[in-house]
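Colleague: Please read through the structure below; I'll follow up with questions.
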Amino acid sequence: MNEKLSLTELQLIIKDSLYLALPGLYWVAAEISEIKENYNGHCYLELVEKHPDEVSIRSRVKAVVWSSRYRFIKSFFENSAGESLREGLRILIRVKIEYHEIYGLSLVINDIDPAFTIGEVALKRQQILKRLGEEGVITMNRDLEFPILPQRIAVISSANAAGYTDFMNHLKGNSFGYVFYTSLFETPMQGKEMESGIINAMERISVHPGEFDLAVIIRGGGSQTDLSWFDNYNVAFYVTQFPIPVITGIGHDKDLSVTDIVAHKSLKTPTAVADFLIECMISAENNLMDLGSEIADKSRLMIEVSKRRIETARSRILPVARNLLLIYRNTINRKKEILESHAKNSLGLLINRVAGFENSLKILDPANVLKRGYSITSINGKIVKECNVLKKDDIIDTRFSDGSINSKVL
Amino acid sequence: MTKKEFSFNQAVNEIEKILREIENGEMDVDRLSVEVKKASELIKQCQKKLKSTEEDINNILKDLE
């Protein structure tokens, strides 16, 4: 065994052996721990598999996507998963094992399955939501009362982000002249520092309770939407515990991250957040104007009603008074009539009685008696009622109805 | 005795009470002319109050609309 191999010969043997042993393509699930594109468009990665504790590394390998393939894989993945390839992302890739005598072992990626990553992201999101749910905090920020005038705004963003500039321009340039006061709390909006950066910003804002009406977390949109940075338990938990409402505008239009879900309100872009805040001011102003015209309408209505009430009373009092007078007059008239008729009746009775008297008188009238055949005898002007008062030769006067004669008693 | 502050509501209630009494024939003739006179005085005061209130309100609301 004196035969020596040159290093290159050894490497070539390894290369050939590997090729013979693993000639095909393999689907492999791994996490990206490093990724960079170089100037000629190739993409170099470091892939890892972690222990369940998510910290210590179980295995590690280099990988590459050649530029011809990378252009396709990159856009296919971003369009399908709504994510760009980045550190921390778990991916499923189809690889060929290559061994190079200078660069050593590497996996050449020729395909990627975005569905795997979507599932991984969704699963992670679900787990975080479940945990927040179990802790009973999911709706805590949403349950805060939203300010009527959201004018003092704590902005969590990075100063050089396109989204921040859009937000500020849109907000400050509103054509209604509403004034907004903003303070920027700077933090990286993606990458490993994002989590601690956002939490630090929120802590700095909390130092000034009462100085802000709300906080917004904004970031530019476009296709570079690494939404899953916001599927972060710690960030989401801080948002739920935040004492003022949080609005997110972190530039995405497909899914909502956990941070979006626990925030008071989530909008697609920073511009949409600015629009929403302006809308709040408009609606508060409109509401005030509505209240004003309601007061105007109601007080005018009240005046009208009172006017009508008075007018009704005014128009009724005279007829009503006249009517009452008429009633009294009629009563008097009726009484008068009754009195008259009573008087007439009494008079009639009297008249009848008087007539009765007249009859009786008539019956007793001597003339009438004479007519009935009686005669009246008198002597010396005195009526003779009994014959024994007369003596012989007395001259008596006998009166008949049609005259009188004298006779001598024999 | 201090003059009592004019109350629109009290006045209207008083007017309507007089009206009711007349309508229901509860008012005797001795009081009729006195009460009708009182009612019409109150009506005049109410109208005056309404007019001034309306002017006030229109002035106040001018800025609002």
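In the structure tokens, chains take the letters A, B, ... in the order shown, each chain's residues start at 1, and ligands count up from 1 in the order shown.
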Output as an MDAnalysis selection string the set of chain B residues within 10 Å of chain A, with distances taken over only C-alpha atoms.
Modeller: chainID B and resid 8:9 11:12 15:16 18:29 32:33 35:37 39:40 42:44 46:47 50:51 53:54 57:58 60:62 64:65
Colleague: Emit the selected residues as a short mmCIF file (atom, residue, chain, number, x, y, z; two decimals), in the first residue's frame, including N, CA and C atoms.
Modeller:
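Generated file (again.cif):
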```cif
data_model
loop_
_atom_site.label_atom_id
_atom_site.label_comp_id
_atom_site.auth_asym_id
_atom_site.auth_seq_id
_atom_site.Cartn_x
_atom_site.Cartn_y
_atom_site.Cartn_z
N PHE B 8 -92.83 79.88 29.52
CA PHE B 8 -93.64 79.55 28.35
C PHE B 8 -94.54 78.35 28.62
N ASN B 9 -93.94 77.33 29.21
CA ASN B 9 -94.70 76.10 29.46
C ASN B 9 -95.88 76.35 30.39
N ALA B 11 -97.35 79.11 30.88
CA ALA B 11 -98.31 79.95 30.18
C ALA B 11 -99.20 79.11 29.27
N VAL B 12 -98.55 78.23 28.48
CA VAL B 12 -99.33 77.39 27.55
C VAL B 12 -100.28 76.49 28.32
N ILE B 15 -103.17 78.56 29.40
CA ILE B 15 -104.07 78.86 28.27
C ILE B 15 -104.95 77.65 27.98
N GLU B 16 -104.31 76.49 27.93
CA GLU B 16 -105.06 75.28 27.58
C GLU B 16 -106.05 74.89 28.68
N ILE B 18 -107.62 77.05 30.56
CA ILE B 18 -108.77 77.96 30.39
C ILE B 18 -109.66 77.46 29.25
N LEU B 19 -109.00 77.10 28.13
CA LEU B 19 -109.73 76.58 26.96
C LEU B 19 -110.59 75.39 27.35
N ARG B 20 -109.95 74.46 28.08
CA ARG B 20 -110.66 73.24 28.46
C ARG B 20 -111.89 73.56 29.31
N GLU B 21 -111.65 74.47 30.25
CA GLU B 21 -112.75 74.82 31.14
C GLU B 21 -113.91 75.42 30.37
N ILE B 22 -113.57 76.29 29.41
CA ILE B 22 -114.65 76.91 28.61
C ILE B 22 -115.34 75.84 27.78
N GLU B 23 -114.51 74.97 27.14
CA GLU B 23 -115.05 73.93 26.27
C GLU B 23 -115.98 72.99 27.03
N ASN B 24 -115.56 72.65 28.21
CA ASN B 24 -116.36 71.70 28.98
C ASN B 24 -117.51 72.37 29.72
N GLY B 25 -117.64 73.67 29.51
CA GLY B 25 -118.70 74.40 30.17
C GLY B 25 -118.53 74.53 31.66
N GLU B 26 -117.27 74.41 32.12
CA GLU B 26 -117.02 74.49 33.56
C GLU B 26 -116.81 75.93 34.02
N MET B 27 -116.75 76.82 33.05
CA MET B 27 -116.44 78.22 33.39
C MET B 27 -117.75 78.97 33.60
N ASP B 28 -117.88 79.66 34.72
CA ASP B 28 -119.13 80.42 34.85
C ASP B 28 -118.99 81.79 34.22
N VAL B 29 -120.13 82.37 33.91
CA VAL B 29 -120.15 83.60 33.12
C VAL B 29 -119.40 84.73 33.81
N LEU B 32 -115.90 84.37 32.82
CA LEU B 32 -115.59 84.16 31.41
C LEU B 32 -114.75 85.28 30.79
N SER B 33 -115.19 86.50 30.93
CA SER B 33 -114.47 87.58 30.24
C SER B 33 -113.08 87.78 30.85
N GLU B 35 -111.20 85.50 32.27
CA GLU B 35 -110.31 84.40 31.90
C GLU B 35 -109.92 84.48 30.43
N VAL B 36 -110.87 84.83 29.56
CA VAL B 36 -110.55 84.96 28.13
C VAL B 36 -109.53 86.08 27.94
N LYS B 37 -109.69 87.14 28.68
CA LYS B 37 -108.73 88.23 28.57
C LYS B 37 -107.34 87.77 29.03
N ALA B 39 -106.24 84.71 29.03
CA ALA B 39 -105.72 83.77 28.03
C ALA B 39 -105.12 84.52 26.85
N SER B 40 -105.80 85.55 26.39
CA SER B 40 -105.28 86.23 25.20
C SER B 40 -104.02 87.01 25.54
N LEU B 42 -101.83 85.98 27.74
CA LEU B 42 -100.80 84.93 27.79
C LEU B 42 -100.37 84.53 26.38
N ILE B 43 -101.35 84.40 25.47
CA ILE B 43 -101.05 84.05 24.08
C ILE B 43 -100.09 85.07 23.48
N LYS B 44 -100.40 86.35 23.73
CA LYS B 44 -99.53 87.41 23.20
C LYS B 44 -98.10 87.28 23.73
N CYS B 46 -96.69 84.58 24.85
CA CYS B 46 -96.08 83.37 24.27
C CYS B 46 -95.56 83.66 22.86
N GLN B 47 -96.37 84.35 22.09
CA GLN B 47 -95.97 84.65 20.71
C GLN B 47 -94.71 85.51 20.69
N LEU B 50 -91.79 83.34 21.61
CA LEU B 50 -91.44 82.46 20.48
C LEU B 50 -90.66 83.23 19.43
N LYS B 51 -91.14 84.43 19.13
CA LYS B 51 -90.49 85.23 18.10
C LYS B 51 -89.05 85.56 18.48
N THR B 53 -87.20 83.98 20.67
CA THR B 53 -86.41 82.74 20.72
C THR B 53 -85.98 82.33 19.32
N GLU B 54 -86.91 82.43 18.39
CA GLU B 54 -86.62 82.04 17.00
C GLU B 54 -85.49 82.91 16.44
N ILE B 57 -82.22 81.90 18.05
CA ILE B 57 -81.72 80.62 17.53
C ILE B 57 -81.15 80.80 16.13
N ASN B 58 -81.86 81.54 15.31
CA ASN B 58 -81.35 81.75 13.95
C ASN B 58 -80.00 82.45 13.97
N ILE B 60 -77.81 82.31 16.45
CA ILE B 60 -76.80 81.37 16.97
C ILE B 60 -76.41 80.36 15.91
N LEU B 61 -77.41 79.87 15.17
CA LEU B 61 -77.16 78.77 14.23
C LEU B 61 -76.53 79.25 12.93
N LYS B 62 -76.55 80.57 12.73
CA LYS B 62 -76.01 81.11 11.47
C LYS B 62 -74.56 80.64 11.27
N LEU B 64 -73.23 78.00 12.42
CA LEU B 64 -73.10 76.55 12.39
C LEU B 64 -73.34 75.99 11.00
N GLU B 65 -74.10 76.75 10.19
CA GLU B 65 -74.52 76.16 8.91
C GLU B 65 -73.75 76.75 7.72
#
```
Colleague: Find the residues around region 54-71 of chain A up to 9 Å (only C-alpha atoms counted), leave out those fewer than 5 positions away in its own chain, and share them as number ranges by chain.
Modeller: A: 33, 37, 40-49, 76, 95, 105-111
Colleague: Any chance you could export the current selection's C-alpha atoms as a PDB file, in the first residue's frame?
Modeller:
```pdb
ATOM      1  CA  SER A  33     -29.658  29.978   7.575  1.00  0.00           C
ATOM      2  CA  GLU A  37     -27.042  36.452  -4.512  1.00  0.00           C
ATOM      3  CA  ASN A  40     -23.435  37.191 -11.671  1.00  0.00           C
ATOM      4  CA  GLY A  41     -26.871  36.124 -10.474  1.00  0.00           C
ATOM      5  CA  HIS A  42     -26.056  32.854  -8.773  1.00  0.00           C
ATOM      6  CA  CYS A  43     -27.556  32.329  -5.353  1.00  0.00           C
ATOM      7  CA  TYR A  44     -25.529  30.789  -2.531  1.00  0.00           C
ATOM      8  CA  LEU A  45     -27.184  29.408   0.554  1.00  0.00           C
ATOM      9  CA  GLU A  46     -26.412  27.679   3.761  1.00  0.00           C
ATOM     10  CA  LEU A  47     -29.082  25.158   4.793  1.00  0.00           C
ATOM     11  CA  VAL A  48     -29.510  23.807   8.290  1.00  0.00           C
ATOM     12  CA  GLU A  49     -31.703  21.486  10.262  1.00  0.00           C
ATOM     13  CA  PHE A  76     -42.090  31.310  -8.941  1.00  0.00           C
ATOM     14  CA  VAL A  95     -31.379  18.926  -5.230  1.00  0.00           C
ATOM     15  CA  LEU A 105     -19.836  19.297  -1.172  1.00  0.00           C
ATOM     16  CA  SER A 106     -22.843  21.334  -2.148  1.00  0.00           C
ATOM     17  CA  LEU A 107     -26.452  20.817  -3.092  1.00  0.00           C
ATOM     18  CA  VAL A 108     -27.444  22.202  -6.470  1.00  0.00           C
ATOM     19  CA  ILE A 109     -31.041  23.309  -6.235  1.00  0.00           C
ATOM     20  CA  ASN A 110     -33.103  22.913  -9.370  1.00  0.00           C
ATOM     21  CA  ASP A 111     -36.663  23.138  -8.036  1.00  0.00           C
TER      22      ASP A 111
END
```
Colleague: Per DSSP on the backbone, filter region 3-131 of chain A down to the residues in strand (DSSP E) and report them as a ChimeraX atom specification.
Modeller: /A:25-37,43-50,57-65,90-100,104-112
Colleague: Restricted to N, CA and C atoms, what would the selected residues look like written as a compact mmCIF listing (two decimals), in the first residue's frame?
Modeller:
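Saved the output as again.txt:
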```txt
# COMPACT_ATOMS: atom_id res chain seq x y z
N LEU A 25 -32.00 12.95 -8.20
CA LEU A 25 -32.45 14.19 -7.58
C LEU A 25 -33.25 13.84 -6.33
N TYR A 26 -33.12 14.64 -5.30
CA TYR A 26 -33.78 14.34 -4.02
C TYR A 26 -34.55 15.56 -3.51
N TRP A 27 -35.76 15.31 -3.03
CA TRP A 27 -36.51 16.38 -2.35
C TRP A 27 -36.05 16.45 -0.89
N VAL A 28 -35.62 17.64 -0.45
CA VAL A 28 -35.07 17.81 0.89
C VAL A 28 -35.75 19.01 1.57
N ALA A 29 -36.15 18.80 2.82
CA ALA A 29 -36.70 19.92 3.61
C ALA A 29 -35.59 20.49 4.49
N ALA A 30 -35.45 21.81 4.49
CA ALA A 30 -34.39 22.44 5.28
C ALA A 30 -34.74 23.90 5.57
N GLU A 31 -33.98 24.47 6.50
CA GLU A 31 -34.18 25.89 6.81
C GLU A 31 -33.01 26.69 6.24
N ILE A 32 -33.33 27.82 5.67
CA ILE A 32 -32.26 28.68 5.14
C ILE A 32 -31.61 29.40 6.32
N SER A 33 -30.31 29.23 6.49
CA SER A 33 -29.66 29.98 7.58
C SER A 33 -28.85 31.15 7.02
N GLU A 34 -28.47 31.06 5.75
CA GLU A 34 -27.82 32.20 5.08
C GLU A 34 -28.22 32.17 3.63
N ILE A 35 -28.35 33.34 3.04
CA ILE A 35 -28.65 33.37 1.60
C ILE A 35 -28.06 34.64 1.01
N LYS A 36 -27.35 34.51 -0.13
CA LYS A 36 -26.93 35.72 -0.83
C LYS A 36 -26.80 35.48 -2.33
N GLU A 37 -27.20 36.52 -3.06
CA GLU A 37 -27.04 36.45 -4.51
C GLU A 37 -25.71 37.11 -4.83
N CYS A 43 -27.12 32.13 -6.74
CA CYS A 43 -27.56 32.33 -5.35
C CYS A 43 -26.92 31.26 -4.47
N TYR A 44 -26.21 31.71 -3.44
CA TYR A 44 -25.53 30.79 -2.53
C TYR A 44 -26.25 30.77 -1.19
N LEU A 45 -26.45 29.55 -0.71
CA LEU A 45 -27.18 29.41 0.55
C LEU A 45 -26.44 28.51 1.52
N GLU A 46 -26.80 28.68 2.79
CA GLU A 46 -26.41 27.68 3.76
C GLU A 46 -27.70 27.13 4.35
N LEU A 47 -27.86 25.80 4.29
CA LEU A 47 -29.08 25.16 4.79
C LEU A 47 -28.77 24.45 6.09
N VAL A 48 -29.73 24.48 7.00
CA VAL A 48 -29.51 23.81 8.29
C VAL A 48 -30.76 23.01 8.67
N GLU A 49 -30.57 22.10 9.57
CA GLU A 49 -31.70 21.49 10.26
C GLU A 49 -31.43 21.66 11.74
N LYS A 50 -32.42 22.17 12.46
CA LYS A 50 -32.20 22.45 13.89
C LYS A 50 -32.79 21.33 14.73
N ILE A 57 -27.87 23.35 16.17
CA ILE A 57 -27.96 22.88 14.79
C ILE A 57 -27.56 21.42 14.69
N ARG A 58 -28.41 20.70 13.95
CA ARG A 58 -28.21 19.27 13.83
C ARG A 58 -27.38 18.93 12.60
N SER A 59 -27.65 19.64 11.52
CA SER A 59 -26.80 19.44 10.33
C SER A 59 -26.80 20.71 9.49
N ARG A 60 -25.77 20.80 8.66
CA ARG A 60 -25.57 22.02 7.89
C ARG A 60 -24.94 21.66 6.56
N VAL A 61 -25.34 22.35 5.49
CA VAL A 61 -24.76 22.07 4.18
C VAL A 61 -24.84 23.33 3.33
N LYS A 62 -23.90 23.44 2.37
CA LYS A 62 -23.94 24.55 1.42
C LYS A 62 -24.84 24.18 0.26
N ALA A 63 -25.42 25.18 -0.35
CA ALA A 63 -26.26 24.91 -1.52
C ALA A 63 -26.13 26.07 -2.48
N VAL A 64 -26.50 25.82 -3.72
CA VAL A 64 -26.40 26.87 -4.72
C VAL A 64 -27.55 26.74 -5.72
N VAL A 65 -28.01 27.90 -6.21
CA VAL A 65 -28.94 27.88 -7.35
C VAL A 65 -28.26 28.67 -8.45
N ARG A 90 -38.34 27.99 6.11
CA ARG A 90 -38.20 26.56 5.83
C ARG A 90 -38.70 26.28 4.42
N ILE A 91 -37.86 25.54 3.66
CA ILE A 91 -38.19 25.29 2.26
C ILE A 91 -38.06 23.81 1.92
N LEU A 92 -38.77 23.43 0.85
CA LEU A 92 -38.63 22.07 0.31
C LEU A 92 -38.06 22.21 -1.10
N ILE A 93 -36.87 21.63 -1.29
CA ILE A 93 -36.17 21.83 -2.56
C ILE A 93 -35.76 20.49 -3.17
N ARG A 94 -35.66 20.53 -4.51
CA ARG A 94 -35.17 19.33 -5.18
C ARG A 94 -33.70 19.58 -5.54
N VAL A 95 -32.82 18.67 -5.09
CA VAL A 95 -31.38 18.93 -5.23
C VAL A 95 -30.64 17.75 -5.88
N LYS A 96 -29.55 18.14 -6.48
CA LYS A 96 -28.58 17.17 -6.97
C LYS A 96 -27.33 17.33 -6.10
N ILE A 97 -26.73 16.18 -5.69
CA ILE A 97 -25.56 16.27 -4.83
C ILE A 97 -24.33 16.41 -5.71
N GLU A 98 -23.56 17.45 -5.43
CA GLU A 98 -22.35 17.66 -6.23
C GLU A 98 -21.13 17.76 -5.33
N TYR A 99 -20.05 17.28 -5.83
CA TYR A 99 -18.80 17.42 -5.09
C TYR A 99 -17.78 18.05 -6.01
N HIS A 100 -17.18 19.10 -5.52
CA HIS A 100 -16.21 19.83 -6.34
C HIS A 100 -14.85 19.79 -5.63
N GLY A 104 -15.79 21.62 -2.50
CA GLY A 104 -16.35 20.60 -1.63
C GLY A 104 -17.79 20.26 -1.99
N LEU A 105 -18.48 19.77 -0.95
CA LEU A 105 -19.84 19.30 -1.17
C LEU A 105 -20.83 20.46 -1.22
N SER A 106 -21.73 20.38 -2.17
CA SER A 106 -22.84 21.33 -2.15
C SER A 106 -24.04 20.73 -2.85
N LEU A 107 -25.21 21.27 -2.47
CA LEU A 107 -26.45 20.82 -3.09
C LEU A 107 -26.81 21.82 -4.18
N VAL A 108 -27.03 21.31 -5.38
CA VAL A 108 -27.44 22.20 -6.47
C VAL A 108 -28.96 22.12 -6.56
N ILE A 109 -29.56 23.28 -6.29
CA ILE A 109 -31.04 23.31 -6.23
C ILE A 109 -31.58 23.51 -7.64
N ASN A 110 -32.51 22.66 -8.06
CA ASN A 110 -33.10 22.91 -9.37
C ASN A 110 -34.62 23.07 -9.32
N ASP A 111 -35.21 22.89 -8.14
CA ASP A 111 -36.66 23.14 -8.04
C ASP A 111 -37.02 23.42 -6.57
N ILE A 112 -38.18 24.05 -6.38
CA ILE A 112 -38.63 24.37 -5.03
C ILE A 112 -40.14 24.17 -4.96
```
Colleague: Which is closest to Asn174 (chain A) among A:Trp229, A:Phe400, A:Tyr19, A:Phe276, if we use only C-alpha atoms?
Modeller: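 Closest to Asn174 (chain A), using only C-alpha atoms: A:Phe276.
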Colleague: Per DSSP on the backbone, filter chain B down to the residues in alpha helix (DSSP H) and report them as a short mmCIF file (atom, residue, chain, number, x, y, z; two decimals) with N, CA and C atoms, in the first residue's frame.
Modeller:
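Generated file (selection.cif):
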```
data_model
loop_
_atom_site.label_atom_id
_atom_site.label_comp_id
_atom_site.auth_asym_id
_atom_site.auth_seq_id
_atom_site.Cartn_x
_atom_site.Cartn_y
_atom_site.Cartn_z
N PHE B 8 -92.83 79.88 29.52
CA PHE B 8 -93.64 79.55 28.35
C PHE B 8 -94.54 78.35 28.62
N ASN B 9 -93.94 77.33 29.21
CA ASN B 9 -94.70 76.10 29.46
C ASN B 9 -95.88 76.35 30.39
N GLN B 10 -95.61 77.08 31.47
CA GLN B 10 -96.68 77.38 32.42
C GLN B 10 -97.78 78.17 31.73
N ALA B 11 -97.35 79.11 30.88
CA ALA B 11 -98.31 79.95 30.18
C ALA B 11 -99.20 79.11 29.27
N VAL B 12 -98.55 78.23 28.48
CA VAL B 12 -99.33 77.39 27.55
C VAL B 12 -100.28 76.49 28.32
N ASN B 13 -99.77 75.93 29.41
CA ASN B 13 -100.64 75.06 30.22
C ASN B 13 -101.85 75.84 30.74
N GLU B 14 -101.59 77.08 31.16
CA GLU B 14 -102.66 77.93 31.70
C GLU B 14 -103.70 78.23 30.60
N ILE B 15 -103.17 78.56 29.40
CA ILE B 15 -104.07 78.86 28.27
C ILE B 15 -104.95 77.65 27.98
N GLU B 16 -104.31 76.49 27.93
CA GLU B 16 -105.06 75.28 27.58
C GLU B 16 -106.05 74.89 28.68
N LYS B 17 -105.68 75.20 29.90
CA LYS B 17 -106.60 74.91 31.01
C LYS B 17 -107.85 75.78 30.89
N ILE B 18 -107.62 77.05 30.56
CA ILE B 18 -108.77 77.96 30.39
C ILE B 18 -109.66 77.46 29.25
N LEU B 19 -109.00 77.10 28.13
CA LEU B 19 -109.73 76.58 26.96
C LEU B 19 -110.59 75.39 27.35
N ARG B 20 -109.95 74.46 28.08
CA ARG B 20 -110.66 73.24 28.46
C ARG B 20 -111.89 73.56 29.31
N GLU B 21 -111.65 74.47 30.25
CA GLU B 21 -112.75 74.82 31.14
C GLU B 21 -113.91 75.42 30.37
N ILE B 22 -113.57 76.29 29.41
CA ILE B 22 -114.65 76.91 28.61
C ILE B 22 -115.34 75.84 27.78
N GLU B 23 -114.51 74.97 27.14
CA GLU B 23 -115.05 73.93 26.27
C GLU B 23 -115.98 72.99 27.03
N VAL B 29 -120.13 82.37 33.91
CA VAL B 29 -120.15 83.60 33.12
C VAL B 29 -119.40 84.73 33.81
N ASP B 30 -119.47 84.76 35.15
CA ASP B 30 -118.78 85.83 35.87
C ASP B 30 -117.30 85.86 35.57
N ARG B 31 -116.71 84.64 35.38
CA ARG B 31 -115.26 84.57 35.17
C ARG B 31 -114.89 84.64 33.70
N LEU B 32 -115.90 84.37 32.82
CA LEU B 32 -115.59 84.16 31.41
C LEU B 32 -114.75 85.28 30.79
N SER B 33 -115.19 86.50 30.93
CA SER B 33 -114.47 87.58 30.24
C SER B 33 -113.08 87.78 30.85
N VAL B 34 -113.00 87.63 32.16
CA VAL B 34 -111.71 87.80 32.82
C VAL B 34 -110.72 86.75 32.33
N GLU B 35 -111.20 85.50 32.27
CA GLU B 35 -110.31 84.40 31.90
C GLU B 35 -109.92 84.48 30.43
N VAL B 36 -110.87 84.83 29.56
CA VAL B 36 -110.55 84.96 28.13
C VAL B 36 -109.53 86.08 27.94
N LYS B 37 -109.69 87.14 28.68
CA LYS B 37 -108.73 88.23 28.57
C LYS B 37 -107.34 87.77 29.03
N LYS B 38 -107.35 87.04 30.12
CA LYS B 38 -106.09 86.52 30.66
C LYS B 38 -105.42 85.60 29.62
N ALA B 39 -106.24 84.71 29.03
CA ALA B 39 -105.72 83.77 28.03
C ALA B 39 -105.12 84.52 26.85
N SER B 40 -105.80 85.55 26.39
CA SER B 40 -105.28 86.23 25.20
C SER B 40 -104.02 87.01 25.54
N GLU B 41 -103.94 87.52 26.79
CA GLU B 41 -102.69 88.16 27.22
C GLU B 41 -101.54 87.17 27.20
N LEU B 42 -101.83 85.98 27.74
CA LEU B 42 -100.80 84.93 27.79
C LEU B 42 -100.37 84.53 26.38
N ILE B 43 -101.35 84.40 25.47
CA ILE B 43 -101.05 84.05 24.08
C ILE B 43 -100.09 85.07 23.48
N LYS B 44 -100.40 86.35 23.73
CA LYS B 44 -99.53 87.41 23.20
C LYS B 44 -98.10 87.28 23.73
N GLN B 45 -98.01 87.01 25.03
CA GLN B 45 -96.68 86.87 25.63
C GLN B 45 -95.94 85.67 25.04
N CYS B 46 -96.69 84.58 24.85
CA CYS B 46 -96.08 83.37 24.27
C CYS B 46 -95.56 83.66 22.86
N GLN B 47 -96.37 84.35 22.09
CA GLN B 47 -95.97 84.65 20.71
C GLN B 47 -94.71 85.51 20.69
N LYS B 48 -94.68 86.47 21.63
CA LYS B 48 -93.52 87.35 21.73
C LYS B 48 -92.26 86.54 22.06
N LYS B 49 -92.44 85.66 23.04
CA LYS B 49 -91.32 84.81 23.49
C LYS B 49 -90.83 83.92 22.33
N LEU B 50 -91.79 83.34 21.61
CA LEU B 50 -91.44 82.46 20.48
C LEU B 50 -90.66 83.23 19.43
N LYS B 51 -91.14 84.43 19.13
CA LYS B 51 -90.49 85.23 18.10
C LYS B 51 -89.05 85.56 18.48
N SER B 52 -88.88 85.98 19.74
CA SER B 52 -87.51 86.35 20.15
C SER B 52 -86.62 85.11 20.22
N THR B 53 -87.20 83.98 20.67
CA THR B 53 -86.41 82.74 20.72
C THR B 53 -85.98 82.33 19.32
N GLU B 54 -86.91 82.43 18.39
CA GLU B 54 -86.62 82.04 17.00
C GLU B 54 -85.49 82.91 16.44
N GLU B 55 -85.58 84.21 16.71
CA GLU B 55 -84.52 85.10 16.22
C GLU B 55 -83.18 84.75 16.84
N ASP B 56 -83.21 84.53 18.17
CA ASP B 56 -81.98 84.15 18.87
C ASP B 56 -81.36 82.92 18.23
N ILE B 57 -82.22 81.90 18.05
CA ILE B 57 -81.72 80.62 17.53
C ILE B 57 -81.15 80.80 16.13
N ASN B 58 -81.86 81.54 15.31
CA ASN B 58 -81.35 81.75 13.95
C ASN B 58 -80.00 82.45 13.97
N ASN B 59 -79.85 83.40 14.90
CA ASN B 59 -78.56 84.09 15.01
C ASN B 59 -77.45 83.13 15.45
N ILE B 60 -77.81 82.31 16.45
CA ILE B 60 -76.80 81.37 16.97
C ILE B 60 -76.41 80.36 15.91
N LEU B 61 -77.41 79.87 15.17
CA LEU B 61 -77.16 78.77 14.23
C LEU B 61 -76.53 79.25 12.93
N LYS B 62 -76.55 80.57 12.73
CA LYS B 62 -76.01 81.11 11.47
C LYS B 62 -74.56 80.64 11.27
#
```
Colleague: Near Ala272 (chain A), within 9 Å and counting only C-alpha atoms, which residues show up once chain neighbours fewer than 4 positions away are dropped, as a PyMOL selection string?
Modeller: chain A and resi 167+249+267-268+276-277
Colleague: Rounded to one decimal in Å, what is the spacing between CA of Ile250 (chain A) and CA of Ser84 (chain A)?
Modeller: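 According to the coordinates, CA of Ile250 (chain A) and CA of Ser84 (chain A) are separated by 14.7 Å.
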Colleague: One decimal, in Å: what's the spacing between CA of Asp231 (chain A) and CA of Asp260 (chain A)?
Modeller: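 Spanning CA of Asp231 (chain A) to CA of Asp260 (chain A) is a straight-line distance of 8.9 Å.
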Colleague: Rounded to one decimal place, report the CA of Val246 (chain A)-CA of Asn287 (chain A) distance in Å.
Modeller: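 Going from CA of Val246 (chain A) over to CA of Asn287 (chain A) covers 23.6 Å.
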